[in-house]
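Student: My structure is below; once you've seen it, I'll send some questions.
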Amino acid sequence: MENKISCIVPVYKSEKFIERCINSLLNQTYSNFELLLIDDGSPDNSGKICDDFALKDSRIKVVHKKNGGVSSARNIGVQNATGNYVCFVDSDDSVCNTYLEKLIKPSISDDVDIVISGINWENTDGKFVSLNCGVTEKKIMERKEFLQFYKILREDVGQNEIVLNAPVNKLYKKEFLNNLLFNTDMSLCEDLVFNLNYIEKCQKFCFIPDCLYNYFRNGSSATNSINPEKIKDFPFDILFYEEYSFYNRNKILSKIILLRIRKFLFSNIVKSHSLMDENGNKNYTLYSRFNKVITMKMILCNLFDIKKTIVLILCKSHFYNILDLIIKKKKK
């Protein structure tokens, strides 16, 4: 069936929220869709709740699998999708009843490769703020214009980043996902890497100003929980390399973006593991890992650009010094 949307929802420890999510999708004004609920080995009643809904609505398909993380659940969803378009929804979130209708409309009328809507983001105080990258009306962009727009937003420190980086609030073409999956080795930022790889396939983009996706803060679901132990072995080199290469390849790399990437990587290491051992000494395993990434992979990327190579090496040392000062100050 043409113009069918496959809505993929990874489910894990979501018994408190999954009904709200499912009901918001079943109440859509656009009816040509299937709802794929991927139970990622959830130990609570989430799986049973999904099965009960499937008995009541033929559009719902439930897949039960061994726990493998949100990326593997999304990948299973993509592999089982029968629609022409795909959207991802987190099990603890909800969408407005016109969500699918407003996403599919420009996909058909303007033949765009991706549609991005705004997000209603729940702050720590429980209040919602609307984020739509400053778009006030439907905006169709060719690739060159989009990349410049993306660069401007990436340099901005605001919350609008989630509008671009998250896999939710977007409608993807299924044909573009045939050879594109989420990296199951990454427990953090796998959605960003996925989107960067998807954008590489796109020529035409659409932003709509409507904030149709409701993002709730919850620490226990599949999409919002991160195991601190796994972060110790997180492949930050893959993230750095993928993101840096994307900006460099598309000629939108800037010093601000480079510094922001590094700041993000190092701040997450400090939070999760720290570059210090129990006695307050440098963890040389992590240090050497980052040294290898920054000096080798980045040098290879800029093999014929000596100036950029020197800047990267200097930048590397600069950030390690700052990191040392921050850690020492915290330990006093």
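As shown in the structure tokens, the chain order sets the letters A, B, ...; within each chain, residues go from 1, and ligands are also counted from 1 in the order they appear.
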Among the residues of range 61-92 of chain A, find those DSSP assigns to alpha helix (DSSP H) from the backbone and print them as a list in words.
Tutor: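 Taking range 61-92 of chain A and keeping alpha helix (DSSP H) gives Val70, Ser71, Ser72, Ala73, Arg74, Asn75, Ile76, Gly77, Val78, Gln79 and Asn80 of chain A.
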Student: Can I get the selected residues back with N, CA, C and O atoms, as a tab-separated table (two decimals), in the first residue's frame?
Tutor:
chain	number	residue	atom	x	y	z
A	70	VAL	N	18.44	-0.28	22.85
A	70	VAL	CA	17.49	0.45	22.02
A	70	VAL	C	17.85	0.42	20.54
A	70	VAL	O	16.97	0.36	19.66
A	71	SER	N	19.14	0.42	20.22
A	71	SER	CA	19.56	0.40	18.82
A	71	SER	C	19.16	-0.91	18.14
A	71	SER	O	18.66	-0.91	17.01
A	72	SER	N	19.38	-2.03	18.83
A	72	SER	CA	19.02	-3.32	18.24
A	72	SER	C	17.51	-3.42	18.08
A	72	SER	O	17.01	-4.01	17.11
A	73	ALA	N	16.75	-2.83	19.02
A	73	ALA	CA	15.29	-2.85	18.93
A	73	ALA	C	14.82	-2.04	17.72
A	73	ALA	O	13.93	-2.47	16.98
A	74	ARG	N	15.41	-0.89	17.52
A	74	ARG	CA	15.04	-0.07	16.36
A	74	ARG	C	15.41	-0.78	15.06
A	74	ARG	O	14.66	-0.72	14.07
A	75	ASN	N	16.55	-1.44	15.06
A	75	ASN	CA	16.97	-2.17	13.85
A	75	ASN	C	15.99	-3.29	13.51
A	75	ASN	O	15.66	-3.51	12.34
A	76	ILE	N	15.53	-4.01	14.53
A	76	ILE	CA	14.54	-5.07	14.31
A	76	ILE	C	13.26	-4.47	13.74
A	76	ILE	O	12.61	-5.03	12.85
A	77	GLY	N	12.91	-3.29	14.24
A	77	GLY	CA	11.73	-2.61	13.74
A	77	GLY	C	11.86	-2.27	12.26
A	77	GLY	O	10.92	-2.49	11.48
A	78	VAL	N	13.01	-1.73	11.88
A	78	VAL	CA	13.24	-1.37	10.48
A	78	VAL	C	13.18	-2.61	9.60
A	78	VAL	O	12.60	-2.59	8.50
A	79	GLN	N	13.77	-3.69	10.08
A	79	GLN	CA	13.80	-4.93	9.29
A	79	GLN	C	12.41	-5.53	9.11
A	79	GLN	O	12.16	-6.24	8.13
A	80	ASN	N	11.49	-5.24	10.03
A	80	ASN	CA	10.13	-5.77	9.94
A	80	ASN	C	9.14	-4.77	9.35
A	80	ASN	O	7.95	-5.10	9.18
Student: Which residues, written as a ChimeraX atom specification, have at least one atom at most 10 Å from Phe176 in chain A, with only C-alpha atoms counted and residues fewer than 6 positions away on the same chain left out?
Tutor: /A:85,113,198-199,201-202
Student: Restricted to N, CA and C atoms, what would the selected residues look like written as an mmCIF file, in the first residue's frame?
Tutor:
data_model
loop_
_atom_site.group_PDB
_atom_site.id
_atom_site.type_symbol
_atom_site.label_atom_id
_atom_site.label_comp_id
_atom_site.auth_asym_id
_atom_site.auth_seq_id
_atom_site.Cartn_x
_atom_site.Cartn_y
_atom_site.Cartn_z
ATOM 1 N N TYR A 85 7.441 4.638 4.464
ATOM 2 C CA TYR A 85 8.090 5.623 5.341
ATOM 3 C C TYR A 85 8.219 5.032 6.742
ATOM 4 N N ASP A 113 13.157 14.032 1.185
ATOM 5 C CA ASP A 113 13.772 12.791 1.669
ATOM 6 C C ASP A 113 13.643 12.619 3.176
ATOM 7 N N TYR A 198 22.199 9.103 7.489
ATOM 8 C CA TYR A 198 20.982 9.235 6.677
ATOM 9 C C TYR A 198 21.022 10.520 5.849
ATOM 10 N N ILE A 199 21.461 11.601 6.472
ATOM 11 C CA ILE A 199 21.528 12.895 5.780
ATOM 12 C C ILE A 199 22.413 12.802 4.541
ATOM 13 N N LYS A 201 22.468 10.628 2.447
ATOM 14 C CA LYS A 201 21.703 10.081 1.339
ATOM 15 C C LYS A 201 20.677 11.073 0.786
ATOM 16 N N CYS A 202 20.460 12.160 1.520
ATOM 17 C CA CYS A 202 19.366 13.082 1.196
ATOM 18 C C CYS A 202 19.785 14.243 0.295
#
Student: Select, from A:Ser42, A:Thr136, A:Asn123, A:Ser14, the residue with the minimum atom-to-atom distance to Ser91 in chain A, counting only C-alpha atoms.
Tutor: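 Nearest to Ser91 in chain A: A:Ser14.
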Student: When you look at Arg143 in chain A with a cut-off of 6 Å (counting only C-alpha atoms), what residues show up, excluding the ones that are within fewer than 3 positions of it in the same chain? I need them as a ChimeraX atom specification.
Tutor: /A:146,203-204
Student: When you look at Asn45 in chain A with a cut-off of 6 Å (counting only C-alpha atoms), what residues show up, excluding the ones that are within fewer than 2 positions of it in the same chain? I need them as a VMD selection string.
Tutor: chain A and resid 15 47 to 48
Student: Print the selection's residues with N, CA, C and O atoms to a file, as a PDB file, in the first residue's frame.
Tutor:
ATOM      1  N   GLU A  15       6.182   0.067  31.438  1.00  0.00           N
ATOM      2  CA  GLU A  15       4.810  -0.242  31.809  1.00  0.00           C
ATOM      3  C   GLU A  15       4.033   0.977  32.320  1.00  0.00           C
ATOM      4  O   GLU A  15       2.802   1.024  32.202  1.00  0.00           O
ATOM      5  N   GLY A  47       5.716  -5.934  27.874  1.00  0.00           N
ATOM      6  CA  GLY A  47       5.454  -6.871  26.783  1.00  0.00           C
ATOM      7  C   GLY A  47       4.013  -7.329  26.757  1.00  0.00           C
ATOM      8  O   GLY A  47       3.385  -7.415  25.686  1.00  0.00           O
ATOM      9  N   LYS A  48       3.456  -7.628  27.920  1.00  0.00           N
ATOM     10  CA  LYS A  48       2.054  -8.090  28.008  1.00  0.00           C
ATOM     11  C   LYS A  48       1.105  -6.976  27.586  1.00  0.00           C
ATOM     12  O   LYS A  48       0.093  -7.229  26.898  1.00  0.00           O
TER      13      LYS A  48
END
Student: Tell me which of A:Gln28, A:Ile18, A:Glu34, A:Gly126 sits closest to Ile49 in chain A, counting only C-alpha atoms.
Tutor: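 The answer is A:Ile18, which sits nearest to Ile49 in chain A.
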Student: Between CA of Lys174 in chain A and CA of Ile116 in chain A, what distance in Å does the model show, to one decimal?
Tutor: 15.3 Å
Student: Would you list the contacts of Arg59 in chain A as a PDB file with N, CA and C atoms, in the first residue's frame, taking every protein, DNA or RNA residue within 8 Å and counting only C-alpha atoms, but skipping same-chain residues closer than 5 positions in sequence?
Tutor:
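Produced file result.pdb, reproduced below:
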ATOM      1  N   PHE A  33      -1.084   3.391   8.552  1.00  0.00           N
ATOM      2  CA  PHE A  33       0.187   3.117   9.245  1.00  0.00           C
ATOM      3  C   PHE A  33       0.120   1.773   9.956  1.00  0.00           C
ATOM      4  N   GLU A  34       1.288   1.257  10.272  1.00  0.00           N
ATOM      5  CA  GLU A  34       1.412   0.082  11.128  1.00  0.00           C
ATOM      6  C   GLU A  34       2.225   0.481  12.349  1.00  0.00           C
ATOM      7  N   LEU A  35       1.934  -0.135  13.465  1.00  0.00           N
ATOM      8  CA  LEU A  35       2.632   0.174  14.709  1.00  0.00           C
ATOM      9  C   LEU A  35       3.428  -1.053  15.137  1.00  0.00           C
ATOM     10  N   ALA A  54      -2.329  -5.402  20.802  1.00  0.00           N
ATOM     11  CA  ALA A  54      -2.285  -6.044  19.487  1.00  0.00           C
ATOM     12  C   ALA A  54      -3.545  -6.865  19.230  1.00  0.00           C
TER      13      ALA A  54
END
Student: Name the residues in contact with Val62 in chain A at a cut-off of 6 Å, using only C-alpha atoms, excluding same-chain residues fewer than 3 positions from it; report them as a ChimeraX atom specification.
Tutor: /A:36-38
Student: Kindly give the distance, in Å, that separates CA of Asp156 in chain A and CA of Leu171 in chain A, rounded to a single decimal.
Tutor: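 Separating CA of Asp156 in chain A from CA of Leu171 in chain A is a distance of 23.8 Å.
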Student: Figure out the distance between CA of Cys87 in chain A and CA of Lys170 in chain A, please, to one decimal in Å.
Tutor: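 According to the coordinates, CA of Lys170 in chain A and CA of Cys87 in chain A are separated by 6.0 Å.
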Student: Tell me which protein, DNA and RNA residues are within 8 Å of Leu131 in chain A, counting only C-alpha atoms, leaving out same-chain ones fewer than 6 positions away, and put them as a PyMOL selection string.
Tutor: chain A and resi 118-121+159-160+163+211
Student: May I ask which of the residues A:Val63, A:Asp93, A:Lys4, A:Asp44 is the closest one to Ile22 in chain A, counting only C-alpha atoms?
Tutor: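 Selected residue with least distance to Ile22 in chain A: A:Asp93.
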Student: Counting only C-alpha atoms, which of A:Tyr172, A:Tyr150, A:Tyr244, A:Tyr99 gets nearest to Ser24 in chain A?
Tutor: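 So, comparing all the options, the nearest one is A:Tyr99.
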Student: For the strand (DSSP E) assignment from backbone DSSP, which residues of range 104-212 of chain A qualify? Please present them as a VMD selection string.
Tutor: chain A and resid 114 to 122 128 to 131 139 to 142 170 to 173 204 to 212
Student: Pull N, CA, C and O atoms from the residues just selected and write them as a tab-separated table (two decimals), in the first residue's frame.
Tutor:
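This is the output file selection_11.tsv:
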chain	number	residue	atom	x	y	z
A	114	ILE	N	13.37	13.72	3.88
A	114	ILE	CA	13.17	13.66	5.32
A	114	ILE	C	12.33	14.85	5.75
A	114	ILE	O	12.47	15.95	5.21
A	115	VAL	N	11.43	14.61	6.69
A	115	VAL	CA	10.60	15.69	7.26
A	115	VAL	C	10.91	15.76	8.75
A	115	VAL	O	10.94	14.74	9.44
A	116	ILE	N	11.14	16.98	9.24
A	116	ILE	CA	11.50	17.19	10.65
A	116	ILE	C	10.50	18.14	11.28
A	116	ILE	O	10.27	19.24	10.77
A	117	SER	N	9.88	17.71	12.38
A	117	SER	CA	8.93	18.56	13.09
A	117	SER	C	9.55	19.11	14.36
A	117	SER	O	10.66	18.71	14.75
A	118	GLY	N	8.84	20.00	15.02
A	118	GLY	CA	9.31	20.53	16.29
A	118	GLY	C	9.01	19.55	17.42
A	118	GLY	O	8.30	18.55	17.24
A	119	ILE	N	9.55	19.84	18.61
A	119	ILE	CA	9.39	18.98	19.78
A	119	ILE	C	8.92	19.80	20.97
A	119	ILE	O	9.36	20.94	21.19
A	120	ASN	N	8.01	19.23	21.74
A	120	ASN	CA	7.64	19.78	23.04
A	120	ASN	C	8.51	19.08	24.07
A	120	ASN	O	8.33	17.88	24.33
A	121	TRP	N	9.49	19.80	24.61
A	121	TRP	CA	10.52	19.22	25.48
A	121	TRP	C	10.21	19.51	26.94
A	121	TRP	O	10.02	20.65	27.33
A	122	GLU	N	10.17	18.46	27.75
A	122	GLU	CA	9.92	18.63	29.18
A	122	GLU	C	11.20	19.00	29.90
A	122	GLU	O	12.19	18.25	29.86
A	128	PHE	N	6.95	22.32	29.86
A	128	PHE	CA	7.34	22.03	28.48
A	128	PHE	C	7.75	23.30	27.74
A	128	PHE	O	7.17	24.37	27.95
A	129	VAL	N	8.74	23.15	26.89
A	129	VAL	CA	9.18	24.25	26.03
A	129	VAL	C	9.14	23.75	24.59
A	129	VAL	O	9.49	22.61	24.31
A	130	SER	N	8.67	24.60	23.69
A	130	SER	CA	8.55	24.23	22.28
A	130	SER	C	9.84	24.53	21.54
A	130	SER	O	10.35	25.65	21.59
A	131	LEU	N	10.38	23.53	20.85
A	131	LEU	CA	11.63	23.66	20.11
A	131	LEU	C	11.39	23.32	18.65
A	131	LEU	O	10.93	22.23	18.33
A	139	LYS	N	9.38	24.81	5.60
A	139	LYS	CA	10.59	25.24	4.91
A	139	LYS	C	11.20	24.06	4.16
A	139	LYS	O	11.60	23.07	4.77
A	140	ILE	N	11.24	24.17	2.83
A	140	ILE	CA	11.85	23.14	1.99
A	140	ILE	C	13.27	23.59	1.64
A	140	ILE	O	13.48	24.73	1.23
A	141	MET	N	14.24	22.71	1.84
A	141	MET	CA	15.63	23.06	1.58
A	141	MET	C	16.30	22.03	0.67
A	141	MET	O	16.11	20.83	0.84
A	142	GLU	N	17.08	22.55	-0.26
A	142	GLU	CA	17.97	21.68	-1.02
A	142	GLU	C	19.18	21.39	-0.15
A	142	GLU	O	19.39	22.03	0.88
A	170	LYS	N	10.82	12.77	13.23
A	170	LYS	CA	11.26	12.75	11.83
A	170	LYS	C	10.53	11.64	11.05
A	170	LYS	O	10.15	10.63	11.62
A	171	LEU	N	10.38	11.89	9.76
A	171	LEU	CA	9.84	10.86	8.88
A	171	LEU	C	10.90	10.53	7.84
A	171	LEU	O	11.35	11.39	7.09
A	172	TYR	N	11.32	9.26	7.84
A	172	TYR	CA	12.38	8.79	6.95
A	172	TYR	C	11.79	7.99	5.78
A	172	TYR	O	10.74	7.36	5.92
A	173	LYS	N	12.50	7.99	4.67
A	173	LYS	CA	12.13	7.13	3.55
A	173	LYS	C	12.66	5.73	3.83
A	173	LYS	O	13.85	5.55	4.10
A	204	LYS	N	16.89	16.54	-0.49
A	204	LYS	CA	15.81	17.50	-0.25
A	204	LYS	C	15.25	17.32	1.15
A	204	LYS	O	14.92	16.19	1.56
A	205	PHE	N	15.14	18.42	1.89
A	205	PHE	CA	14.77	18.37	3.31
A	205	PHE	C	13.55	19.26	3.57
A	205	PHE	O	13.33	20.23	2.87
A	206	CYS	N	12.81	18.92	4.61
A	206	CYS	CA	11.66	19.74	4.98
A	206	CYS	C	11.57	19.90	6.49
A	206	CYS	O	11.67	18.93	7.25
A	207	PHE	N	11.42	21.16	6.94
A	207	PHE	CA	11.15	21.47	8.34
A	207	PHE	C	9.71	21.97	8.43
A	207	PHE	O	9.27	22.77	7.61
A	208	ILE	N	8.97	21.48	9.41
A	208	ILE	CA	7.65	22.06	9.67
A	208	ILE	C	7.68	22.64	11.08
A	208	ILE	O	8.30	22.06	11.99
A	209	PRO	N	7.06	23.79	11.30
A	209	PRO	CA	7.18	24.49	12.59
A	209	PRO	C	6.38	23.86	13.72
A	209	PRO	O	6.66	24.11	14.89
A	210	ASP	N	5.40	23.02	13.39
A	210	ASP	CA	4.52	22.43	14.40
A	210	ASP	C	5.30	21.55	15.37
A	210	ASP	O	6.07	20.68	14.96
A	211	CYS	N	5.10	21.77	16.65
A	211	CYS	CA	5.72	20.94	17.68
A	211	CYS	C	4.74	19.80	18.00
A	211	CYS	O	3.81	19.97	18.80
A	212	LEU	N	4.95	18.66	17.36
A	212	LEU	CA	3.99	17.57	17.39
A	212	LEU	C	4.44	16.38	18.23
A	212	LEU	O	3.66	15.46	18.49
